[in-house]
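Structure data follow from model.cif (mmCIF, C-alpha atoms):
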data_data
#
loop_
_atom_site.label_atom_id
_atom_site.label_comp_id
_atom_site.auth_asym_id
_atom_site.auth_seq_id
_atom_site.Cartn_x
_atom_site.Cartn_y
_atom_site.Cartn_z
CA MET A 8 38.79 25.28 -0.37
CA ILE A 9 41.30 22.73 0.87
CA TYR A 10 42.49 20.36 -1.85
CA HIS A 11 44.29 17.04 -1.61
CA SER A 12 46.31 15.38 -4.33
CA PHE A 13 45.12 12.02 -5.58
CA GLN A 14 47.29 10.68 -8.37
CA ASP A 15 46.86 13.23 -11.19
CA LYS A 16 43.88 15.01 -9.63
CA GLN A 17 43.28 17.75 -7.08
CA LEU A 18 40.21 16.76 -5.09
CA SER A 19 38.27 19.09 -2.85
CA ALA A 20 38.59 17.92 0.75
CA LEU A 21 34.83 18.43 1.07
CA GLY A 22 32.71 16.11 -1.06
CA PHE A 23 28.96 16.44 -1.62
CA GLY A 24 27.21 13.20 -0.64
CA THR A 25 23.75 12.81 -2.15
CA MET A 26 22.10 10.38 0.27
CA ARG A 27 20.22 13.11 2.16
CA LEU A 28 19.18 15.64 -0.50
CA PRO A 29 16.56 18.37 0.09
CA LEU A 30 12.99 17.16 -0.37
CA LEU A 31 9.68 18.67 -1.37
CA ALA A 32 6.71 18.83 1.00
CA ASP A 33 5.76 15.20 0.32
CA GLY A 34 8.98 14.12 2.08
CA VAL A 35 9.93 11.85 -0.82
CA THR A 36 10.52 13.86 -4.01
CA ILE A 37 13.92 15.51 -4.35
CA ASP A 38 13.74 19.31 -4.46
CA GLU A 39 15.79 19.68 -7.63
CA ALA A 40 15.60 23.48 -7.67
CA GLN A 41 17.18 23.65 -4.23
CA LEU A 42 19.66 20.94 -5.20
CA GLN A 43 20.75 22.96 -8.22
CA ASP A 44 21.28 26.01 -5.99
CA MET A 45 23.39 23.90 -3.64
CA VAL A 46 25.45 22.47 -6.50
CA ARG A 47 25.99 25.99 -7.82
CA CYS A 48 27.18 27.11 -4.39
CA ALA A 49 29.46 24.09 -4.14
CA MET A 50 31.00 24.65 -7.56
CA GLU A 51 31.50 28.38 -6.98
CA ASN A 52 33.33 27.61 -3.74
CA GLY A 53 35.62 24.93 -5.11
CA VAL A 54 33.81 21.67 -4.29
CA ASN A 55 34.47 19.29 -7.17
CA TYR A 56 33.62 15.82 -5.79
CA PHE A 57 30.06 14.43 -5.87
CA ASP A 58 28.95 11.02 -4.64
CA THR A 59 25.82 9.00 -5.41
CA ALA A 60 24.59 5.39 -5.35
CA VAL A 61 21.73 3.19 -6.55
CA PRO A 62 19.79 3.02 -3.25
CA TYR A 63 19.90 6.74 -2.47
CA HIS A 64 16.47 8.34 -2.62
CA GLN A 65 14.93 5.18 -4.09
CA GLY A 66 17.14 5.38 -7.16
CA ASN A 67 16.47 9.05 -7.89
CA SER A 68 19.68 10.53 -6.49
CA GLU A 69 21.66 9.48 -9.57
CA ILE A 70 19.17 11.19 -11.87
CA ALA A 71 18.96 14.40 -9.84
CA ILE A 72 22.69 14.93 -9.35
CA GLY A 73 23.32 14.06 -12.99
CA ARG A 74 20.92 16.79 -14.10
CA ALA A 75 22.43 19.33 -11.73
CA LEU A 76 26.01 18.63 -12.79
CA ALA A 77 25.15 18.62 -16.50
CA GLN A 78 25.04 22.43 -16.36
CA TYR A 79 28.82 22.56 -15.85
CA PRO A 80 31.75 21.45 -18.03
CA ARG A 81 32.44 17.74 -17.60
CA ASP A 82 36.06 18.32 -16.66
CA SER A 83 35.11 20.66 -13.78
CA TRP A 84 33.67 17.96 -11.49
CA TYR A 85 34.23 14.38 -10.41
CA LEU A 86 31.34 11.95 -9.99
CA ALA A 87 31.39 8.75 -7.93
CA ASP A 88 28.86 5.94 -8.13
CA LYS A 89 28.73 2.42 -6.65
CA PHE A 90 27.80 -1.16 -7.52
CA PRO A 91 25.11 -2.43 -5.09
CA GLY A 92 26.56 -5.86 -4.35
CA HIS A 93 25.53 -5.37 -0.73
CA GLN A 94 21.89 -5.66 -1.72
CA ILE A 95 20.73 -9.23 -1.21
CA ALA A 96 19.45 -10.64 -4.50
CA GLU A 97 19.14 -13.92 -6.37
CA THR A 98 21.50 -12.77 -9.13
CA TYR A 99 23.99 -9.97 -9.74
CA ASP A 100 24.55 -8.43 -13.16
CA PRO A 101 27.30 -5.78 -12.97
CA ALA A 102 27.08 -4.92 -16.66
CA ALA A 103 23.35 -4.20 -16.61
CA VAL A 104 23.62 -2.10 -13.44
CA PHE A 105 26.62 -0.15 -14.73
CA GLU A 106 25.02 0.70 -18.07
CA GLU A 107 21.87 1.88 -16.31
CA GLN A 108 23.90 4.06 -13.93
CA LEU A 109 25.73 5.77 -16.78
CA LYS A 110 22.37 6.46 -18.43
CA LYS A 111 20.71 7.78 -15.26
CA CYS A 112 23.63 10.08 -14.46
CA GLY A 113 23.94 11.22 -18.07
CA VAL A 114 27.67 10.53 -18.29
CA GLU A 115 29.98 8.41 -20.43
CA TYR A 116 32.29 7.49 -17.56
CA PHE A 117 32.56 7.66 -13.79
CA ASP A 118 35.57 9.37 -12.29
CA PHE A 119 35.34 7.16 -9.20
CA TYR A 120 33.50 3.88 -8.78
CA LEU A 121 33.10 1.77 -5.66
CA LEU A 122 32.07 -1.69 -4.61
CA HIS A 123 29.26 -0.57 -2.30
CA ASN A 124 29.33 -1.58 1.37
CA VAL A 125 31.60 -4.58 1.58
CA TYR A 126 30.47 -6.19 4.83
CA GLU A 127 30.13 -9.64 6.41
CA ASN A 128 27.41 -10.83 4.01
CA SER A 129 28.39 -9.00 0.81
CA VAL A 130 32.14 -9.70 0.79
CA HIS A 131 31.43 -13.20 -0.52
CA THR A 132 29.25 -11.80 -3.30
CA TYR A 133 32.05 -9.52 -4.44
CA MET A 134 34.56 -12.37 -4.35
CA ASP A 135 32.35 -14.99 -6.02
CA PRO A 136 33.74 -15.78 -9.51
CA LYS A 137 30.21 -16.75 -10.58
CA TRP A 138 29.28 -13.06 -10.70
CA GLY A 139 32.63 -11.72 -11.93
CA ILE A 140 32.02 -8.36 -10.29
CA VAL A 141 35.58 -7.28 -9.64
CA ASP A 142 36.80 -8.54 -13.01
CA TYR A 143 34.05 -6.63 -14.80
CA PHE A 144 34.87 -3.31 -13.17
CA VAL A 145 38.60 -3.78 -13.60
CA GLU A 146 37.86 -4.18 -17.32
CA GLN A 147 35.67 -1.04 -17.34
CA LYS A 148 38.60 0.84 -15.84
CA ARG A 149 40.88 -0.49 -18.58
CA LEU A 150 38.36 0.79 -21.12
CA GLY A 151 38.33 4.26 -19.52
CA ARG A 152 34.71 4.07 -18.38
CA ILE A 153 35.91 4.12 -14.79
CA LYS A 154 38.86 6.31 -13.93
CA HIS A 155 39.46 5.07 -10.38
CA LEU A 156 38.16 1.95 -8.62
CA GLY A 157 37.68 1.49 -4.88
CA PHE A 158 35.26 0.21 -2.25
CA SER A 159 33.19 1.38 0.68
CA THR A 160 32.61 -0.61 3.84
CA HIS A 161 30.61 -0.73 7.03
CA GLY A 162 32.16 -4.11 7.81
CA SER A 163 34.74 -5.21 10.34
CA LEU A 164 38.50 -4.93 10.08
CA ALA A 165 38.63 -8.64 9.23
CA VAL A 166 36.24 -8.13 6.29
CA MET A 167 38.38 -5.28 4.97
CA GLU A 168 41.47 -7.47 5.15
CA GLN A 169 39.62 -10.28 3.40
CA LEU A 170 38.67 -8.10 0.43
CA LEU A 171 42.09 -6.45 0.22
CA ASP A 172 43.80 -9.83 0.23
CA TYR A 173 41.51 -10.86 -2.63
CA CYS A 174 41.74 -7.80 -4.89
CA GLY A 175 43.68 -5.11 -3.05
CA GLU A 176 45.93 -4.46 -6.03
CA HIS A 177 42.89 -3.02 -7.85
CA MET A 178 41.53 -0.91 -4.98
CA GLU A 179 42.80 2.68 -5.30
CA PHE A 180 40.81 4.17 -2.39
CA CYS A 181 38.51 3.09 0.42
CA GLN A 182 35.48 4.82 1.95
CA ILE A 183 34.86 4.15 5.65
CA GLN A 184 32.63 5.47 8.42
CA LEU A 185 35.01 7.72 10.32
CA ASN A 186 34.32 10.24 13.07
CA TYR A 187 35.52 10.89 16.60
CA LEU A 188 32.76 8.70 18.08
CA ASP A 189 33.47 5.70 15.86
CA TRP A 190 37.22 6.09 16.38
CA THR A 191 36.73 3.70 19.28
CA LEU A 192 33.10 2.60 18.96
CA GLN A 193 33.60 0.97 15.54
CA ASP A 194 37.39 0.61 15.87
CA ALA A 195 37.84 3.08 13.01
CA LYS A 196 41.34 3.75 14.34
CA ALA A 197 42.41 0.22 13.36
CA LYS A 198 40.78 0.61 9.94
CA VAL A 199 42.70 3.83 9.32
CA GLU A 200 45.92 2.10 10.34
CA LEU A 201 45.20 -0.79 7.98
CA LEU A 202 44.56 1.48 5.00
CA ASN A 203 47.60 3.63 5.75
CA SER A 204 49.77 0.51 6.00
CA ARG A 205 48.63 -0.47 2.49
CA ASN A 206 48.96 3.08 1.13
CA ILE A 207 45.25 3.28 0.29
CA PRO A 208 43.81 6.83 0.51
CA ILE A 209 40.81 7.23 2.78
CA TRP A 210 37.42 8.65 1.87
CA VAL A 211 35.21 9.51 4.86
CA MET A 212 31.47 8.92 5.19
CA GLU A 213 29.27 9.82 8.18
CA PRO A 214 31.68 12.48 9.51
CA VAL A 215 28.96 13.81 11.86
CA ARG A 216 27.26 10.43 12.38
CA GLY A 217 24.07 11.30 10.49
CA GLY A 218 23.77 14.52 12.50
CA LYS A 219 24.34 12.97 15.94
CA LEU A 220 27.59 14.92 16.32
CA ALA A 221 25.99 18.18 15.20
CA ASN A 222 24.32 18.66 18.57
CA LEU A 223 25.99 17.73 21.86
CA ALA A 224 25.01 18.11 25.49
CA ASP A 225 24.83 21.76 26.56
CA GLU A 226 27.81 21.45 28.91
CA ASP A 227 29.95 19.84 26.18
CA GLU A 228 29.01 22.48 23.63
CA ALA A 229 29.93 25.16 26.18
CA VAL A 230 33.39 23.64 26.60
CA LEU A 231 33.98 23.52 22.86
CA ARG A 232 32.80 27.08 22.33
CA GLY A 233 35.13 28.19 25.09
CA LEU A 234 38.01 26.70 23.13
CA ARG A 235 36.93 27.87 19.65
CA GLY A 236 34.16 30.38 19.74
CA ASP A 237 34.12 30.88 15.97
CA GLU A 238 33.45 27.22 15.11
CA SER A 239 30.04 25.58 14.77
CA ILE A 240 29.56 22.28 16.60
CA PRO A 241 29.49 20.24 13.35
CA ALA A 242 32.76 21.93 12.33
CA TRP A 243 34.52 20.25 15.26
CA ALA A 244 33.91 16.84 13.67
CA PHE A 245 35.48 18.03 10.42
CA ARG A 246 38.41 19.69 12.19
CA TRP A 247 39.11 16.43 14.01
CA LEU A 248 39.30 14.63 10.66
CA GLN A 249 41.88 17.13 9.44
CA GLY A 250 44.33 15.55 11.86
CA ILE A 251 43.81 11.95 10.69
CA PRO A 252 46.54 10.69 8.31
CA GLY A 253 45.45 9.43 4.94
CA VAL A 254 42.12 11.25 4.77
CA THR A 255 41.64 12.66 1.27
CA VAL A 256 37.91 13.37 0.80
CA VAL A 257 35.29 13.93 3.49
CA LEU A 258 31.74 13.34 2.28
CA SER A 259 28.95 15.32 3.85
CA GLY A 260 25.31 14.50 3.16
CA MET A 261 24.11 18.09 3.05
CA SER A 262 20.35 18.59 3.02
CA ASN A 263 20.07 22.37 2.78
CA MET A 264 21.99 25.49 1.85
CA ALA A 265 22.80 26.39 5.46
CA GLN A 266 24.69 23.10 5.91
CA MET A 267 26.48 23.65 2.62
CA GLN A 268 27.60 27.15 3.58
CA ASP A 269 28.74 26.11 7.05
CA ASN A 270 30.79 23.23 5.62
CA ILE A 271 32.34 25.41 2.94
CA LYS A 272 33.41 27.85 5.67
CA THR A 273 34.99 24.99 7.62
CA PHE A 274 36.88 23.67 4.61
CA ALA A 275 38.18 27.06 3.51
CA ALA A 276 41.45 26.42 5.36
CA PRO A 277 42.90 23.64 7.54
CA LYS A 278 42.70 24.22 11.28
CA PRO A 279 43.33 20.83 12.91
CA LEU A 280 42.63 20.43 16.60
CA THR A 281 45.23 20.81 19.33
CA ASP A 282 45.82 18.03 21.86
CA GLU A 283 43.70 19.92 24.40
CA GLU A 284 40.84 20.35 21.93
CA THR A 285 41.02 16.70 20.86
CA ALA A 286 40.84 15.59 24.50
CA ALA A 287 37.72 17.72 25.06
CA LEU A 288 36.09 16.20 21.98
CA MET A 289 36.90 12.66 23.08
CA ARG A 290 35.37 13.31 26.48
CA SER A 291 32.16 14.23 24.68
CA ALA A 292 32.38 11.01 22.70
CA GLU A 293 32.69 8.93 25.84
CA LYS A 294 29.55 10.53 27.27
CA LEU A 295 27.70 9.76 24.05
CA LYS A 296 28.68 6.12 24.21
CA SER A 297 27.52 5.39 27.78
CA SER A 298 28.68 1.95 26.84
CA VAL A 299 28.90 -1.48 28.39
CA PRO A 300 32.52 -1.31 29.59
CA CYS A 301 33.89 -4.36 27.75
CA THR A 302 37.68 -4.27 27.36
CA ALA A 303 37.77 -7.25 24.95
CA CYS A 304 39.96 -9.27 27.32
CA ARG A 305 38.10 -12.37 26.03
CA TYR A 306 38.06 -14.16 29.38
CA CYS A 307 34.34 -14.67 28.78
CA CYS A 308 34.93 -16.53 25.51
CA ASP A 309 36.89 -19.42 27.00
CA GLY A 310 33.95 -20.83 28.93
CA CYS A 311 31.11 -20.03 26.52
CA PRO A 312 29.43 -23.37 25.67
CA VAL A 313 28.24 -22.06 22.27
CA GLU A 314 31.51 -20.21 21.57
CA LEU A 315 30.00 -16.76 21.04
CA ASN A 316 32.32 -13.89 20.19
CA ILE A 317 31.06 -11.95 23.19
CA PRO A 318 33.33 -8.87 22.86
CA GLU A 319 32.23 -8.41 19.25
CA LEU A 320 28.55 -8.78 20.19
CA LEU A 321 28.90 -6.29 23.05
CA ALA A 322 30.62 -3.81 20.73
CA ILE A 323 27.70 -4.05 18.31
CA TYR A 324 25.27 -3.76 21.24
CA ASN A 325 26.94 -0.52 22.34
CA GLU A 326 26.50 0.84 18.85
CA LEU A 327 22.88 -0.27 18.62
CA ARG A 328 22.12 1.63 21.82
CA ILE A 329 23.38 4.80 20.17
CA ASN A 330 22.23 4.17 16.63
CA PRO A 331 19.57 1.43 16.23
CA SER A 332 19.69 1.32 12.43
CA PHE A 333 19.78 -1.38 9.78
CA LEU A 334 23.42 -0.51 9.07
CA VAL A 335 24.34 -1.79 12.52
CA GLY A 336 21.91 -4.69 12.31
CA MET A 337 23.57 -5.82 9.08
CA ARG A 338 26.63 -6.84 11.06
CA VAL A 339 24.54 -9.29 13.09
CA GLU A 340 22.70 -10.57 10.01
CA GLY A 341 26.07 -11.41 8.52
CA MET A 342 26.84 -13.82 11.35
CA PRO A 343 25.83 -17.50 11.39
CA ALA A 344 22.61 -17.94 13.40
CA GLU A 345 24.43 -19.96 16.04
CA LYS A 346 26.77 -17.02 16.69
CA GLN A 347 24.08 -14.35 17.01
CA PRO A 348 23.01 -12.99 20.43
CA GLN A 349 19.84 -15.11 20.60
CA ALA A 350 22.07 -18.21 20.74
CA CYS A 351 23.10 -17.28 24.31
CA LEU A 352 22.11 -20.03 26.78
CA ASN A 353 22.01 -17.62 29.74
CA CYS A 354 24.34 -19.93 31.66
CA GLY A 355 26.20 -17.01 33.26
CA GLN A 356 29.71 -18.45 32.90
CA CYS A 357 30.80 -15.35 30.97
CA SER A 358 29.67 -12.96 33.71
CA ALA A 359 31.43 -15.01 36.36
CA MET A 360 34.70 -14.62 34.43
CA CYS A 361 34.28 -10.92 33.53
CA PRO A 362 36.78 -8.57 35.26
CA GLN A 363 34.37 -5.68 34.53
CA HIS A 364 31.43 -7.50 36.19
CA ILE A 365 29.26 -7.15 33.09
CA ASP A 366 25.94 -9.01 33.10
CA VAL A 367 26.57 -10.40 29.63
CA PRO A 368 23.36 -12.49 29.26
CA ALA A 369 21.25 -9.45 30.18
CA ALA A 370 23.10 -7.30 27.66
CA LEU A 371 22.63 -9.89 24.91
CA GLU A 372 18.96 -10.23 25.80
CA ASN A 373 18.55 -6.44 25.48
CA MET A 374 20.42 -6.58 22.20
CA VAL A 375 17.93 -9.11 20.82
CA GLU A 376 15.05 -6.82 21.80
CA ILE A 377 16.65 -3.81 20.11
CA LEU A 378 17.26 -5.84 16.95
CA LYS A 379 13.53 -6.62 16.79
CA THR A 380 12.89 -2.88 16.30
CA VAL A 381 15.52 -2.46 13.58
CA PRO A 382 14.58 -3.06 9.91
CA ARG A 383 16.36 -6.14 8.57
CA TRP A 384 18.56 -5.53 5.54
CA THR A 385 17.31 -8.72 3.89
CA ASP A 386 13.72 -7.47 4.18
CA ILE A 387 14.66 -4.05 2.80
CA CYS A 388 16.31 -5.69 -0.21
CA ARG A 389 13.30 -7.93 -0.88
CA GLU A 390 10.93 -4.96 -0.71
CA ARG A 391 13.08 -2.97 -3.12
CA GLU A 392 13.31 -5.92 -5.52
CA ALA A 393 9.54 -6.44 -5.41
CA ALA A 394 8.93 -2.73 -6.04
CA ALA A 395 11.35 -2.74 -8.97
CA LYS A 396 9.59 -5.73 -10.55
CA LYS A 397 6.21 -4.08 -10.03
CA ASN A 398 7.37 -0.91 -11.77
#

How does this structure look as structure tokens?
Amino acid sequence: MIYHSFQDKQLSALGFGTMRLPLLADGVTIDEAQLQDMVRCAMENGVNYFDTAVPYHQGNSEIAIGRALAQYPRDSWYLADKFPGHQIAETYDPAAVFEEQLKKCGVEYFDFYLLHNVYENSVHTYMDPKWGIVDYFVEQKRLGRIKHLGFSTHGSLAVMEQLLDYCGEHMEFCQIQLNYLDWTLQDAKAKVELLNSRNIPIWVMEPVRGGKLANLADEDEAVLRGLRGDESIPAWAFRWLQGIPGVTVVLSGMSNMAQMQDNIKTFAAPKPLTDEETAALMRSAEKLKSSVPCTACRYCCDGCPVELNIPELLAIYNELRINPSFLVGMRVEGMPAEKQPQACLNCGQCSAMCPQHIDVPAALENMVEILKTVPRWTDICREREAAAKKN
């Protein structure tokens, strides 16, 4: 197992993310027997970092991973949990949530604790002195109930800068969505550069994009196998990450033993990609994107009568075409209504100015239609709150 130093700890480069645990036949209940086998395999092969959160598996991930880890000495593993400030609610009570998390996980402290998904809507919640979220968790760290404090984000570079300017001195690590597709699609390259410039170690989530990078087009897989015949296709995504500066822990949401064993094999020793191999991988990424070719020159913005941030909207549109999920939709929900794609007047001034000849109004109209099919984060939060009150 590859290990990376983090302050006084040696962390396994592979972390076990518990958002996609094995399930029983009903498709809902966690298969705890299989989970325990996977945790045993992880521990025997040097994995020592485990990650959970309140929303995972409808609140049951914390309980299941806590039970599985309880079979091993407390000093042989590190557990991370998160405060759900990204969930839209009328009130936020960090103390009540934290105490419940400790109870559910069966621990007296968390080795790592994160502000969960700081994005365009939630950053203000985390910074609002009315809730005292950051202050509370800084105090829990002082008391030893949190060993290391950080944050995760699906937000923009500007949101990351906003939070770091507010409380960066307390943030010891940051968890971002990082893979060779999002290197350009979500501008993860700039996020890596920001964190490196502030000397904040990087934790990686979605290294294979929820499985999208585990299976490529036949011709692309053939090219990769011709370069490294002994590597699985998912392994290429992990090998690419081994060449990114600042990456400390890579979380993989493993759902079965086969995925666990393949990842353990990949993380047995570092084998970063060569320039030739990286170029082949990036060519695959470009095919996956099939994107609207916006270069963010911003010529379109000057004449927009409603002052839309058209390059940002087109970037989100490109991502929605690949991954129409609520995580992408959240970025639009975080915008003022008058800046969302439906505010487009279809005047065509943007297209007339576009050096790439993009039909911007048509793209924004398609974006609105895609968003109608994507669950809204606000609705998800209301449903979860109603279910919690009912129970």

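One finds CA of Pro382 (chain A) at 27.0 Å from CA of Asn263 (chain A).
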
* **Neighbour list for Gly260 (chain A) as an NGL selection string, cut-off 12 Å, all atoms listed in the file, skip fewer than 4 positions in-chain** => :A and (21-29 or 42 or 45 or 57-59 or 63 or 68 or 211-218 or 264 or 266-267 or 270)

Each residue of region 128-208 of chain A with at least one atom at most 9 Å from region 75-94 of chain A should appear once, together with its nearest atom pair and the corresponding distance in Å (one decimal); atoms considered: all atoms listed in the file; ordering: chain, then increasing residue number; output as a tab-separated table.
residue	atom	partner	partner_atom	distance
A:Asn128	CA	A:His93	CA	7.5
A:Ser129	CA	A:His93	CA	4.9
A:Val130	CA	A:His93	CA	8.0
A:Thr132	CA	A:Gly92	CA	6.6
A:Tyr133	CA	A:Gly92	CA	6.6
A:Ile140	CA	A:Gly92	CA	8.4
A:Phe158	CA	A:Lys89	CA	8.2
A:Ser159	CA	A:Lys89	CA	8.6

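Pairwise distance (CA of Ile153 (chain A), CA of Lys16 (chain A)) equals 14.4 Å.
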
List as a CSV table (one decimal) with C-alpha atoms, in the frame of the given file the residues having at least one atom at most 10 Å from position (17.9, 14.4, -12.0) as given in the file, counting all atoms listed in the file.
chain,number,residue,atom,x,y,z
A,37,ILE,CA,13.9,15.5,-4.4
A,38,ASP,CA,13.7,19.3,-4.5
A,39,GLU,CA,15.8,19.7,-7.6
A,42,LEU,CA,19.7,20.9,-5.2
A,43,GLN,CA,20.8,23.0,-8.2
A,67,ASN,CA,16.5,9.0,-7.9
A,68,SER,CA,19.7,10.5,-6.5
A,69,GLU,CA,21.7,9.5,-9.6
A,70,ILE,CA,19.2,11.2,-11.9
A,71,ALA,CA,19.0,14.4,-9.8
A,72,ILE,CA,22.7,14.9,-9.4
A,73,GLY,CA,23.3,14.1,-13.0
A,74,ARG,CA,20.9,16.8,-14.1
A,75,ALA,CA,22.4,19.3,-11.7
A,76,LEU,CA,26.0,18.6,-12.8
A,77,ALA,CA,25.2,18.6,-16.5
A,111,LYS,CA,20.7,7.8,-15.3
A,112,CYS,CA,23.6,10.1,-14.5
A,113,GLY,CA,23.9,11.2,-18.1

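You can rank A:Leu295, A:Cys301, A:Leu109, A:Leu231 by their closest distance to Ile317 (chain A) using all atoms listed in the file, and at the top of that list sits A:Cys301.
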
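Pairwise distance (CA of Val257 (chain A), CA of Trp210 (chain A)) equals 5.9 Å.
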
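Nearest-residue note for Tyr173 (chain A): choosing from A:His161, A:Lys397, A:His131, A:His155, the minimum distance belongs to A:His131, counting all atoms listed in the file.
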
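Candidate residues A:Tyr143, A:Val335, A:Gln169, A:His64 were compared for distance to Ala103 (chain A), and the nearest is A:Tyr143, using only C-alpha atoms.
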
* Selection under test: the PyMOL selection byres ((chain A and resi 389-392) around 10); residues as a PyMOL selection string -> chain A and resi 62+65+94-97+384-388+393-398
